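*Asks:* Here it is, the structure, as structure tokens.
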Amino acid sequence: MDYDVGIYHLSRQFFTAYPYQQFPEIERKSSRPYSCLLVEYFDDLFLCIPFRSHIRHKYAYHFKNSARALRSQSGLDYTKSILIKDLHYLDLSVQAVVDPDEYKETMINLPRIVREVYRYLSDYTDDLNGIQKLHPKEWQRRYGKSTLPYFNDFLTAGP
């Protein structure tokens, strides 16, 4: 499986385009930047998977080898992933910095992370496009607090 990846912060332009009032599931922290693993999903469509400190569900990659993970269940949260077509939504003016142990674990487990997030997104698009509908309770469990419904326009034509 070929893919391009990087770690970035989302820009102010992104948060202006996606205000909290309309998009409450998009994580916002005024005290620190939104750091994410950016994975090319399809041609000009990128998936931004946020690094989060506290994840209590299974739709994520949970870090195991960092001090922060032992304290707070940190990881990459697939449910809060954002789809980006406009690369101006990435803040390229500053290098994104994440916990060194979590960065190392991310790079070691990158094939698994990409496979899992693609599967999470594929199940969502299959339901969205009527290919394989999920039971309403299963959909709610997986996607009820997800950011993916905000990006349905990107996904109906999908890969």
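In the structure tokens, each chain is lettered A, B, ... as it comes, each chain's residues begin at 1, and ligands are numbered from 1 in order of appearance.
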Pull the closest atom pair for each residue of range 26-51 of chain A that gets at most 12 Å from range 107-113 of chain A, along with the distance in Å to one decimal, counting only C-alpha atoms, ordering rows by chain and then ascending residue number, as JSON lines.
*Replies:*
```
{"residue": "A:Leu37", "atom": "CA", "partner": "A:Leu110", "partner_atom": "CA", "distance": 10.0}
{"residue": "A:Leu38", "atom": "CA", "partner": "A:Leu110", "partner_atom": "CA", "distance": 11.4}
{"residue": "A:Val39", "atom": "CA", "partner": "A:Leu110", "partner_atom": "CA", "distance": 10.0}
{"residue": "A:Leu47", "atom": "CA", "partner": "A:Ile113", "partner_atom": "CA", "distance": 12.0}
{"residue": "A:Ile49", "atom": "CA", "partner": "A:Ile113", "partner_atom": "CA", "distance": 9.8}
```
*Asks:* Just the residues within 12 Å of Leu10 in chain A, please, counting only C-alpha atoms, with nothing from its chain fewer than 4 positions along; format it as a ChimeraX atom specification.
*Replies:* /A:14-18,26-29,32-38,47-50,81-84,86-96
*Asks:* Find the residue from A:Phe51, A:Phe63, A:Tyr124, A:Tyr20 that sits nearest to Asp101 in chain A; use only C-alpha atoms when measuring.
*Replies:*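 Answer, going by the shortest atom-to-atom distance: A:Phe63.
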*Asks:* Can you list, as a ChimeraX atom specification, every protein, DNA or RNA residue that comes within 10 Å of Asp126 in chain A when you count only C-alpha atoms, leaving out same-chain residues fewer than 5 positions away?
*Replies:* /A:121,131-134,155-156,158
*Asks:* Taking the backbone alone, and naming residues the way the document does, which bits of chain A are alpha helix (DSSP H) by DSSP, as number ranges by chain?
*Replies:* A: 12-17, 67-72, 100-108, 110-128, 136-143, 152-155
*Asks:* Out of range 22-62 of chain A, which residues get strand (DSSP E) from DSSP, as a PyMOL selection string?
*Replies:* chain A and resi 35-42+45-52+60-62
